[in-house]
Amino acid sequence: MSIADYEQTAEDHQAVLVVVKPAGQINAKTFNHIFDRVSRCRYIRLPDSQRSFCLRFKKSAPVENNVWGEFQAHRKVMGLLVVGKCASAADIGMVQERYSLLKELYASTLFDSRCLVFGMNHENGTNAKSNMVYYSSVEDSLSLEDTVREFAASLFWVLESKRMQAERLASDKSEKLPLLLAPFEKKDLIGIDTETRAFRKRCQGRMRKYSGDLCLLAGLTQEALLHYQASADILKSANDWLWLAAAFEGTCAASVTIQYPHGTTRPPMPRNQSFSGSPKVPTERKHSLTRAATMSPNGLPMATAEFLQDGKAKNCLSPDEIIEKYKEALIQYSKYKNAAVIELEGIIKATRIMITQRKNLQASEFLQNMVYINIQLTDEDKIQRYNTLSALYEQIGFKRKAAFFKRVAAMQCVSPNNPNPAWNSCYVLLQETLDGYSLSLDPRQFPRAYTYGWPAIQLRILHEMVYTARKMGNPALAVRHMSFLLHAMSDHLSPFERKELSKVLESYTAKVPGTPVPLALESGAILPAVPMTNLPTVRSFKLLDLAPHLRPMKKPSSQTSSATSNSPFIYSPIQSRQQEKKDQSKMDFLWVSGEVCEMALQVINPMPFELKVQNMSVMSEGIDFEPLISNLSLPAESGPLGVTLLGTPQTTGQLKLFGYVTHVLGVKSHCKFKDLRQIAETDYSVEVVPGLPKLQVTTSLPKAAFGTTNHNLGLNKAKETAVTSAAARLYAGESQECVLTLQNVGQIPVESIDISLDTSISSPKVPSGFFTWNLENTQAQLPLMPGAMATFTVLIKAVGEISAQDRKTTENEEPSPSSRHSSPKKSPQTRPRSMRTAAMTVPPVEVQQPEEEKAQPVDAVLKLMYSGGEGLEEGYHRQASVILHVDVLHALLVSKVNILPAASPRHCHLTLDLHNVTKHEVVISYPDNDDLIIESKQLKRIAVRVERFSLPEPCTSEAPISIISPVDARSQQYSQQLATLVDIRWRMPSSGTCGVVNLEGITLSPEAMDLISISPIQWAVRIDDKPFETEEPVQCIMGRPMSVQVSITNSSSEPVEGSTLVVHPYQDLWNGTVLNDIHGKVACIGCQQKDIEKMNPGETVQHTCTFVFFCCGDFSLDIRATCTSRVRTQDHKWTFTPIVRITVQEQK
């Protein structure tokens, strides 16, 4: 016997061996299908009987093994099934011939046989025999199982007769028993004395052992145990060690059938052939836990353990005794060189029993002995032997040793002594060793953060798989494994090895390029694509926003703003946390359809040579995206290096970027972010909006040169987003035009343009009217087609400071005239005579001389918002910013501003002190006067006649809330109106520069505003019943009463409330002294003042009083009316002009 059965188990001792063979024109698929149906009839219960027995169906059984049928009866081929298929009656002869040959081959041990013929009915057959069964087709063979059961019953009755005959011989001591022999014992019969007692014991013991085999096959386990026990006692006394070992093994087999009725082999585990990376350990653990739940502590099934505890199984060995008996049997087998195969199979059976008992360490000891059994085997048998060792080691959890023997089997397939090396089988076996060496062909598990397994062995296995793939004639498979080796094991390679393996990979891909698709093998396994994520290694990936002037903007909807404003909470910590957990994979900016977008990467070249990366681009989904191909050349062992990838979205919607494509060393790779540990996000999403036009903006002025140490944060931010800038250097009051040219450099026409000015970056604040423009001309040129140009003009009016200080009254200023009238009982105060009319002037302001030619910078951002095409329909636009920088130089500074009353009540006089702070001569021009020349650093005063005007007072209930006081706002309104009425121009003959004097910045006091304003009160004064309409003094006789009648009429459209009319005499000595208290010189008959509660529009109020002068001299009457103001704390004052002057003389 030279062929071992590596699939044997202890349960096979109770199964009758039936060989199933094909015949005729039957294909393998049909035969396997029929064999599976036949194999289901393994356990047979005999009809009309309580007996049952087992069958073992095999497709092949070596004839050499059949001669060991006397030594162990389960090795006999007792049944034969021949399966044939006939297309015509002529094919039946071939099937019958094949059937006859097989019967002759196993004739020495065969009990019965059948020939199953498919494709013909019984009546169509020729030379039909009783043991041939016909079926019209495989589909119509519904009675096949019944035929097999009938065949099994015939085998059983033959077996039963053999058993009874053997038992009779074994029990009858009078007859001379034959000596049962093992095949190699026949040559030792020569010269043996057959009449000795020892020989008779040997014959009797072997017969009892043979009877035990037949009882076990016939399903009589208890009888078999009795026979084995008796034979063991007899054979031991006869020193028949070989058959004693067989009796021990039979006892163990019978005990196993009782204690393990479900068998000692586990169901085959489903193998994952797609290398998906899902671990098999949880599944195995699930099966082990399920099996452990149905096992007793001694390794027996629960039902069997209870059966043994009841004592129903006599002479049955315990689990530990089974192992001990197997050890004794194997020791005895090892004494016989010719029984090496029996010893080998005994080790396999004992190991499987120990696996069932979960005695893994003892099983490993048995398997270790199996390695040292020396048998002359063919290469195929050696491969099967190592595969069996590997499978058993894997079952006991010795995965590395299992992988070792699997690899030995693989090498045996292609050994040098093998004339027909099986490279395909070698590759399949090498593939099965990967799990034992902690190696997976799933590229997503590499590179690993830690070493798992044995890198040297893993490298060796991968090298062998590459070599095997080449020998198989599958270059694509060799490229796939070599790519995986560089991808997964690069960290364990030296620089020289990396370089050499890269050259080898390039030589492979020169013939067959590496593809990024899964590779299907003949075995059904699927090798996933290997993305070479480390060639180069991408350290970071980032989507870049468009240039500031190209970013699409959308006005926030009213619903969004109202939803935000309607929240009753100012701050919520929940909202704060939600903002912190913002999805980093979704970009907060927008891309535009049809325009090139950028993605920034940082790459590292770990290779010791220059790495050329070809056809690098990004992978996307969601919308149409056209990536632009990039080719890189990375220096050896360099990085991180910045790389920019480009692409153009073709449609609108949500664009998702989830990886990139490279072509390195001839291998095309699809690298996904989810497989890169250094990339935090699995994908990056960005919203793509419809296409928008693109404008290129240029100006007629030179660009501004900003310093690098500018501390204006607003200006620095504006410089980052501006497309261009314009700079000018002007004197205060000078004007200059800046022409902006707009060219449509995109593919979409510009249909809408809007312009605004941002002055928030300038400090101090930009005066109103500094930058003005008219967009109507540009709007008329719309739509602006691609390539077309349009222009519009920005007028720059340089407005400087009125003076170098605040234009307000200083703290040491003299009291205003209002204080004189507010305290009539005060003593006379001494004043300069020239200030007699200062009661109606603005207090003068002293000016600090500015530094010569010091420029004041003024910055603003001109924002052009434009749109067109589908983007305009969706509400998107773009914004191009232009920085306007103007340096304003001081030309003329106004140092003093006075407002004096004029002779006409409709006019007043504005006096200005102009200071020329330039280095040039300045010529002043203003209405009704000749040109005035002011030399450099010279100061001159001018007076300008101004027509009075009135501005309506705002109602306090309707006035908007403002941080500016009502008085300052009122003063600003009057200042602006005054600037429009006064036209003072200047020019520099030396340079030809010209400009205007700006008065918008002056501050007017309430008294000044009353002087400028047209009084709502119309005066009518009569003295001694004569109207007073001239500036000539009124003649009066001392001691004679003089009546004064004052009439005031409300000429405005609104009522005047809270008015007071006052007639007050005083005496001006014309030497700078004014006497307010002249009670001893004049007496008043009646009241000097009258309170008026309300004057409706057009209403007239009269007041009359009489004065008597007691001394001669010049006197004056101060006739004025006051009323409360709605916007300021001080009252309005209106004075009658001209001043009533009275000359008192003695009566002649």
# chains A, B, ... in the order shown; residues from 1 in each chain; ligands from 1
>>> residues_around(residues="segment 222-229 of chain A", least_positions_apart="2", cutoff="6 Å", atoms="only C-alpha atoms", output="compact mmCIF listing (two decimals) with C-alpha atoms, in the first residue's frame")
# COMPACT_ATOMS: atom_id res chain seq x y z
CA ARG A 208 -12.31 -11.67 16.37
CA LYS A 209 -10.85 -8.34 15.28
CA GLY A 212 -15.52 -6.47 15.10
CA CYS A 215 -20.09 -5.58 13.17
CA LEU A 216 -19.07 -1.93 13.11
CA LEU A 220 -23.68 -3.10 15.66
CA SER A 231 -9.29 -9.66 20.18
CA ALA A 232 -7.03 -7.20 21.97
CA ALA A 247 -7.81 -3.74 17.45
CA THR A 251 -11.99 0.18 19.67
>>> residues_around(residues="Gly622 of chain A", least_positions_apart="4", cutoff="9 Å", atoms="only C-alpha atoms", output="MDAnalysis selection string")
chainID A and resid 653:657
>>> closest_residue(among="A:Ala469, A:Val117, A:Ala182, A:Ile44", to="Ala218 of chain A", atoms="only C-alpha atoms")
A:Ile44
>>> residues_around(residues="segment 745-754 of chain A", least_positions_apart="4", cutoff="7 Å", atoms="only C-alpha atoms", output="PDB file with C-alpha atoms, in the first residue's frame")
ATOM      1  CA  LEU A 692     -20.726  84.551 -15.139  1.00  0.00           C
ATOM      2  CA  PRO A 693     -18.945  87.158 -17.260  1.00  0.00           C
ATOM      3  CA  LYS A 694     -15.412  88.332 -16.503  1.00  0.00           C
ATOM      4  CA  LEU A 695     -14.348  91.966 -16.610  1.00  0.00           C
ATOM      5  CA  GLN A 696     -10.821  93.318 -16.916  1.00  0.00           C
ATOM      6  CA  LEU A 782     -25.000  97.166 -22.087  1.00  0.00           C
ATOM      7  CA  PRO A 783     -25.062  94.322 -22.872  1.00  0.00           C
ATOM      8  CA  LEU A 784     -21.280  94.234 -23.124  1.00  0.00           C
ATOM      9  CA  MET A 785     -20.483  91.374 -25.461  1.00  0.00           C
ATOM     10  CA  PRO A 786     -17.372  89.176 -25.085  1.00  0.00           C
ATOM     11  CA  GLY A 787     -14.299  91.127 -26.171  1.00  0.00           C
ATOM     12  CA  LEU A 864     -18.127  97.235  -9.575  1.00  0.00           C
ATOM     13  CA  MET A 865     -20.825  94.577  -9.279  1.00  0.00           C
ATOM     14  CA  TYR A 866     -21.667  92.982 -12.601  1.00  0.00           C
ATOM     15  CA  SER A 867     -23.468  89.921 -13.880  1.00  0.00           C
ATOM     16  CA  GLY A 868     -24.997  88.318 -16.933  1.00  0.00           C
ATOM     17  CA  GLY A 869     -26.209  85.096 -18.497  1.00  0.00           C
TER      18      GLY A 869
END
>>> closest_residue(among="A:Glu195, A:Glu610, A:Glu104, A:Asp91", to="Pro536 of chain A", atoms="only C-alpha atoms")
A:Glu610
>>> residues_around(residues="Thr257 of chain A", least_positions_apart="3", cutoff="12 Å", atoms="only C-alpha atoms", output="PyMOL selection string")
chain A and resi 9-15+53-54+216-217+219-222+224-225+250-254+260-264+300-301+304+313+316-317+319+322+353
>>> atom_distance(atom1="atom CA of Met132 of chain A", atom2="atom CA of Pro62 of chain A")
24.1 Å
>>> select_by_dssp(residues="segment 440-486 of chain A", states="alpha helix (DSSP H)", output="list in words")
Pro455, Ala456, Ile457, Gln458, Leu459, Arg460, Ile461, Leu462, His463, Glu464, Met465, Val466, Tyr467, Thr468, Ala469, Arg470, Lys471, Pro475, Ala476, Leu477, Ala478, Val479, Arg480, His481, Met482, Ser483, Phe484, Leu485 and Leu486 of chain A
>>> write_last_selection(atoms="N, CA and C atoms", output="PDB file, in the first residue's frame")
ATOM      1  N   PRO A 455       7.807  40.945   8.197  1.00  0.00           N
ATOM      2  CA  PRO A 455       8.037  41.597   6.890  1.00  0.00           C
ATOM      3  C   PRO A 455       8.949  40.802   5.976  1.00  0.00           C
ATOM      4  N   ALA A 456       9.991  40.154   6.523  1.00  0.00           N
ATOM      5  CA  ALA A 456      10.911  39.409   5.659  1.00  0.00           C
ATOM      6  C   ALA A 456      10.186  38.255   4.970  1.00  0.00           C
ATOM      7  N   ILE A 457       9.363  37.524   5.726  1.00  0.00           N
ATOM      8  CA  ILE A 457       8.615  36.410   5.126  1.00  0.00           C
ATOM      9  C   ILE A 457       7.578  36.938   4.142  1.00  0.00           C
ATOM     10  N   GLN A 458       6.920  38.041   4.501  1.00  0.00           N
ATOM     11  CA  GLN A 458       5.920  38.621   3.605  1.00  0.00           C
ATOM     12  C   GLN A 458       6.536  39.048   2.286  1.00  0.00           C
ATOM     13  N   LEU A 459       7.725  39.646   2.362  1.00  0.00           N
ATOM     14  CA  LEU A 459       8.416  40.025   1.128  1.00  0.00           C
ATOM     15  C   LEU A 459       8.753  38.792   0.296  1.00  0.00           C
ATOM     16  N   ARG A 460       9.186  37.746   0.970  1.00  0.00           N
ATOM     17  CA  ARG A 460       9.541  36.521   0.238  1.00  0.00           C
ATOM     18  C   ARG A 460       8.311  35.930  -0.459  1.00  0.00           C
ATOM     19  N   ILE A 461       7.185  35.911   0.239  1.00  0.00           N
ATOM     20  CA  ILE A 461       5.957  35.360  -0.366  1.00  0.00           C
ATOM     21  C   ILE A 461       5.539  36.189  -1.581  1.00  0.00           C
ATOM     22  N   LEU A 462       5.606  37.511  -1.446  1.00  0.00           N
ATOM     23  CA  LEU A 462       5.200  38.357  -2.575  1.00  0.00           C
ATOM     24  C   LEU A 462       6.142  38.180  -3.756  1.00  0.00           C
ATOM     25  N   HIS A 463       7.442  38.040  -3.486  1.00  0.00           N
ATOM     26  CA  HIS A 463       8.380  37.775  -4.581  1.00  0.00           C
ATOM     27  C   HIS A 463       8.039  36.458  -5.276  1.00  0.00           C
ATOM     28  N   GLU A 464       7.726  35.434  -4.501  1.00  0.00           N
ATOM     29  CA  GLU A 464       7.385  34.144  -5.090  1.00  0.00           C
ATOM     30  C   GLU A 464       6.097  34.219  -5.891  1.00  0.00           C
ATOM     31  N   MET A 465       5.117  35.036  -5.426  1.00  0.00           N
ATOM     32  CA  MET A 465       3.877  35.184  -6.185  1.00  0.00           C
ATOM     33  C   MET A 465       4.130  35.909  -7.502  1.00  0.00           C
ATOM     34  N   VAL A 466       5.026  36.899  -7.478  1.00  0.00           N
ATOM     35  CA  VAL A 466       5.359  37.598  -8.728  1.00  0.00           C
ATOM     36  C   VAL A 466       6.027  36.632  -9.708  1.00  0.00           C
ATOM     37  N   TYR A 467       6.981  35.850  -9.190  1.00  0.00           N
ATOM     38  CA  TYR A 467       7.690  34.897 -10.061  1.00  0.00           C
ATOM     39  C   TYR A 467       6.730  33.833 -10.597  1.00  0.00           C
ATOM     40  N   THR A 468       5.841  33.345  -9.728  1.00  0.00           N
ATOM     41  CA  THR A 468       4.875  32.344 -10.161  1.00  0.00           C
ATOM     42  C   THR A 468       3.936  32.899 -11.226  1.00  0.00           C
ATOM     43  N   ALA A 469       3.495  34.149 -11.050  1.00  0.00           N
ATOM     44  CA  ALA A 469       2.604  34.755 -12.038  1.00  0.00           C
ATOM     45  C   ALA A 469       3.287  34.858 -13.398  1.00  0.00           C
ATOM     46  N   ARG A 470       4.566  35.168 -13.385  1.00  0.00           N
ATOM     47  CA  ARG A 470       5.291  35.224 -14.663  1.00  0.00           C
ATOM     48  C   ARG A 470       5.364  33.842 -15.303  1.00  0.00           C
ATOM     49  N   LYS A 471       5.647  32.817 -14.488  1.00  0.00           N
ATOM     50  CA  LYS A 471       5.737  31.470 -15.027  1.00  0.00           C
ATOM     51  C   LYS A 471       4.379  30.975 -15.522  1.00  0.00           C
ATOM     52  N   PRO A 475       1.275  38.101 -17.287  1.00  0.00           N
ATOM     53  CA  PRO A 475       2.043  39.308 -16.923  1.00  0.00           C
ATOM     54  C   PRO A 475       1.212  40.338 -16.172  1.00  0.00           C
ATOM     55  N   ALA A 476      -0.091  40.401 -16.459  1.00  0.00           N
ATOM     56  CA  ALA A 476      -0.927  41.368 -15.736  1.00  0.00           C
ATOM     57  C   ALA A 476      -0.960  41.045 -14.247  1.00  0.00           C
ATOM     58  N   LEU A 477      -0.984  39.754 -13.917  1.00  0.00           N
ATOM     59  CA  LEU A 477      -0.966  39.337 -12.518  1.00  0.00           C
ATOM     60  C   LEU A 477       0.377  39.664 -11.874  1.00  0.00           C
ATOM     61  N   ALA A 478       1.462  39.488 -12.614  1.00  0.00           N
ATOM     62  CA  ALA A 478       2.785  39.836 -12.092  1.00  0.00           C
ATOM     63  C   ALA A 478       2.896  41.330 -11.823  1.00  0.00           C
ATOM     64  N   VAL A 479       2.338  42.148 -12.723  1.00  0.00           N
ATOM     65  CA  VAL A 479       2.341  43.595 -12.517  1.00  0.00           C
ATOM     66  C   VAL A 479       1.531  43.963 -11.291  1.00  0.00           C
ATOM     67  N   ARG A 480       0.392  43.279 -11.098  1.00  0.00           N
ATOM     68  CA  ARG A 480      -0.461  43.599  -9.952  1.00  0.00           C
ATOM     69  C   ARG A 480       0.261  43.282  -8.638  1.00  0.00           C
ATOM     70  N   HIS A 481       0.928  42.139  -8.570  1.00  0.00           N
ATOM     71  CA  HIS A 481       1.621  41.766  -7.333  1.00  0.00           C
ATOM     72  C   HIS A 481       2.867  42.625  -7.102  1.00  0.00           C
ATOM     73  N   MET A 482       3.561  42.982  -8.154  1.00  0.00           N
ATOM     74  CA  MET A 482       4.730  43.838  -7.985  1.00  0.00           C
ATOM     75  C   MET A 482       4.306  45.242  -7.543  1.00  0.00           C
ATOM     76  N   SER A 483       3.204  45.723  -8.088  1.00  0.00           N
ATOM     77  CA  SER A 483       2.684  47.025  -7.647  1.00  0.00           C
ATOM     78  C   SER A 483       2.301  46.965  -6.172  1.00  0.00           C
ATOM     79  N   PHE A 484       1.657  45.864  -5.779  1.00  0.00           N
ATOM     80  CA  PHE A 484       1.278  45.724  -4.371  1.00  0.00           C
ATOM     81  C   PHE A 484       2.506  45.647  -3.476  1.00  0.00           C
ATOM     82  N   LEU A 485       3.562  44.975  -3.942  1.00  0.00           N
ATOM     83  CA  LEU A 485       4.782  44.877  -3.137  1.00  0.00           C
ATOM     84  C   LEU A 485       5.371  46.257  -2.874  1.00  0.00           C
ATOM     85  N   LEU A 486       5.453  47.087  -3.913  1.00  0.00           N
ATOM     86  CA  LEU A 486       5.992  48.442  -3.716  1.00  0.00           C
ATOM     87  C   LEU A 486       5.047  49.302  -2.882  1.00  0.00           C
TER      88      LEU A 486
END
>>> closest_residue(among="A:Arg45, A:Gly691, A:Ser925, A:Tyr326", to="Glu870 of chain A", atoms="only C-alpha atoms")
A:Gly691
>>> residues_around(residues="Asn615 of chain A", least_positions_apart="2", cutoff="12 Å", atoms="only C-alpha atoms", output="ChimeraX atom specification")
/A:612-613,617-618,627-633,645-646,660-670
>>> write_last_selection(atoms="C-alpha atoms", output="mmCIF file, in the first residue's frame")
data_model
loop_
_atom_site.group_PDB
_atom_site.id
_atom_site.type_symbol
_atom_site.label_atom_id
_atom_site.label_comp_id
_atom_site.auth_asym_id
_atom_site.auth_seq_id
_atom_site.Cartn_x
_atom_site.Cartn_y
_atom_site.Cartn_z
ATOM 1 C CA LYS A 612 7.938 60.981 -12.932
ATOM 2 C CA VAL A 613 4.207 61.211 -12.390
ATOM 3 C CA SER A 617 -5.760 64.544 -12.338
ATOM 4 C CA VAL A 618 -8.644 64.465 -9.868
ATOM 5 C CA PRO A 627 -9.878 67.608 -15.223
ATOM 6 C CA LEU A 628 -6.722 68.986 -16.777
ATOM 7 C CA ILE A 629 -3.821 66.547 -17.019
ATOM 8 C CA SER A 630 -0.616 67.396 -15.123
ATOM 9 C CA ASN A 631 2.820 65.800 -15.437
ATOM 10 C CA LEU A 632 5.201 66.031 -12.493
ATOM 11 C CA SER A 633 8.880 65.365 -12.050
ATOM 12 C CA LEU A 645 -4.219 70.484 -10.173
ATOM 13 C CA LEU A 646 -6.697 72.160 -12.490
ATOM 14 C CA TYR A 660 -6.966 61.551 -7.845
ATOM 15 C CA VAL A 661 -5.455 59.598 -10.746
ATOM 16 C CA THR A 662 -1.745 58.979 -11.303
ATOM 17 C CA HIS A 663 0.354 57.067 -13.811
ATOM 18 C CA VAL A 664 3.609 56.037 -12.138
ATOM 19 C CA LEU A 665 6.112 53.380 -13.284
ATOM 20 C CA GLY A 666 3.635 52.305 -15.946
ATOM 21 C CA VAL A 667 0.839 51.666 -13.437
ATOM 22 C CA LYS A 668 -2.333 53.715 -13.572
ATOM 23 C CA SER A 669 -3.784 54.253 -10.098
ATOM 24 C CA HIS A 670 -7.110 55.556 -8.844
#
>>> residues_around(residues="segment 879-894 of chain A", least_positions_apart="6", cutoff="8 Å", atoms="only C-alpha atoms", output="PyMOL selection string")
chain A and resi 549-553+695+697+704+718-719+721-733+798-804+853-866+912-918+997
>>> closest_residue(among="A:Glu598, A:Glu874, A:Glu345, A:Asp1114", to="Arg385 of chain A", atoms="only C-alpha atoms")
A:Glu345
>>> select_by_dssp(residues="segment 737-767 of chain A", states="strand (DSSP E or B)", output="mmCIF file with C-alpha atoms, in the first residue's frame")
data_model
loop_
_atom_site.group_PDB
_atom_site.id
_atom_site.type_symbol
_atom_site.label_atom_id
_atom_site.label_comp_id
_atom_site.auth_asym_id
_atom_site.auth_seq_id
_atom_site.Cartn_x
_atom_site.Cartn_y
_atom_site.Cartn_z
ATOM 1 C CA GLU A 737 -10.942 112.706 -13.877
ATOM 2 C CA CYS A 738 -10.147 108.987 -13.643
ATOM 3 C CA VAL A 739 -11.301 107.026 -16.682
ATOM 4 C CA LEU A 740 -12.008 103.319 -16.041
ATOM 5 C CA THR A 741 -11.989 100.949 -19.015
ATOM 6 C CA LEU A 742 -14.039 97.764 -18.683
ATOM 7 C CA GLN A 743 -13.277 94.909 -21.081
ATOM 8 C CA ASN A 744 -15.306 91.692 -21.149
ATOM 9 C CA VAL A 750 -22.316 91.607 -19.218
ATOM 10 C CA SER A 752 -25.890 94.365 -15.444
ATOM 11 C CA ILE A 753 -23.405 96.752 -13.796
ATOM 12 C CA ASP A 754 -23.724 98.523 -10.481
ATOM 13 C CA ILE A 755 -21.107 100.742 -8.828
ATOM 14 C CA SER A 756 -20.685 101.634 -5.169
ATOM 15 C CA LEU A 757 -17.994 103.315 -3.080
ATOM 16 C CA ASP A 758 -16.551 101.964 0.163
#
>>> residues_around(residues="Thr451 of chain A", least_positions_apart="3", cutoff="12 Å", atoms="only C-alpha atoms", output="list in words")
Ser438, Leu439, Gln445, Phe446, Pro447, Arg448, Trp454, Pro455, Ala456, Gln458, Ala488, Met489, Asp491 and His492 of chain A
>>> write_last_selection(atoms="N, CA, C and O atoms", output="CSV table (one decimal), in the first residue's frame")
chain,number,residue,atom,x,y,z
A,438,SER,N,-0.1,36.8,8.1
A,438,SER,CA,-0.6,38.2,8.4
A,438,SER,C,-0.5,39.1,7.3
A,438,SER,O,-0.1,40.3,7.4
A,439,LEU,N,-0.7,38.6,6.1
A,439,LEU,CA,-0.6,39.4,4.9
A,439,LEU,C,-1.9,39.4,4.1
A,439,LEU,O,-2.5,38.3,3.9
A,445,GLN,N,-5.4,48.3,3.4
A,445,GLN,CA,-4.8,48.1,4.7
A,445,GLN,C,-3.4,48.5,4.8
A,445,GLN,O,-2.7,48.4,5.9
A,446,PHE,N,-2.8,49.1,3.7
A,446,PHE,CA,-1.5,49.5,3.7
A,446,PHE,C,-1.4,51.0,3.2
A,446,PHE,O,-2.3,51.4,2.4
A,447,PRO,N,-0.3,51.7,3.6
A,447,PRO,CA,0.7,51.3,4.6
A,447,PRO,C,0.1,51.3,6.0
A,447,PRO,O,-0.8,52.1,6.3
A,448,ARG,N,0.6,50.4,6.8
A,448,ARG,CA,0.1,50.2,8.2
A,448,ARG,C,0.9,51.1,9.1
A,448,ARG,O,2.1,51.4,8.9
A,454,TRP,N,5.5,39.3,9.8
A,454,TRP,CA,6.9,39.2,9.6
A,454,TRP,C,7.3,39.7,8.3
A,454,TRP,O,7.1,39.0,7.2
A,455,PRO,N,7.8,40.9,8.2
A,455,PRO,CA,8.0,41.6,6.9
A,455,PRO,C,8.9,40.8,6.0
A,455,PRO,O,8.7,40.8,4.8
A,456,ALA,N,10.0,40.2,6.5
A,456,ALA,CA,10.9,39.4,5.7
A,456,ALA,C,10.2,38.3,5.0
A,456,ALA,O,10.4,38.0,3.8
A,458,GLN,N,6.9,38.0,4.5
A,458,GLN,CA,5.9,38.6,3.6
A,458,GLN,C,6.5,39.0,2.3
A,458,GLN,O,6.0,38.8,1.2
A,488,ALA,N,2.7,48.2,-0.5
A,488,ALA,CA,2.5,47.7,0.9
A,488,ALA,C,3.8,47.6,1.7
A,488,ALA,O,3.9,47.8,2.9
A,489,MET,N,4.9,47.2,1.0
A,489,MET,CA,6.1,46.9,1.7
A,489,MET,C,7.2,47.9,1.5
A,489,MET,O,8.4,47.6,1.8
A,491,ASP,N,8.1,50.5,3.1
A,491,ASP,CA,8.7,50.9,4.3
A,491,ASP,C,9.8,49.8,4.8
A,491,ASP,O,10.6,50.2,5.6
A,492,HIS,N,9.7,48.6,4.3
A,492,HIS,CA,10.6,47.6,4.8
A,492,HIS,C,11.6,47.3,3.7
A,492,HIS,O,12.3,46.3,3.8
>>> closest_residue(among="A:Leu235, A:Val1062, A:Ile3, A:Met619", to="Ile1119 of chain A", atoms="only C-alpha atoms")
A:Val1062
>>> closest_residue(among="A:Tyr974, A:Trp1134, A:Trp986, A:Phe792", to="Asp931 of chain A", atoms="only C-alpha atoms")
A:Trp986
>>> atom_distance(atom1="atom CA of Ser620 of chain A", atom2="atom CA of Lys554 of chain A")
25.5 Å
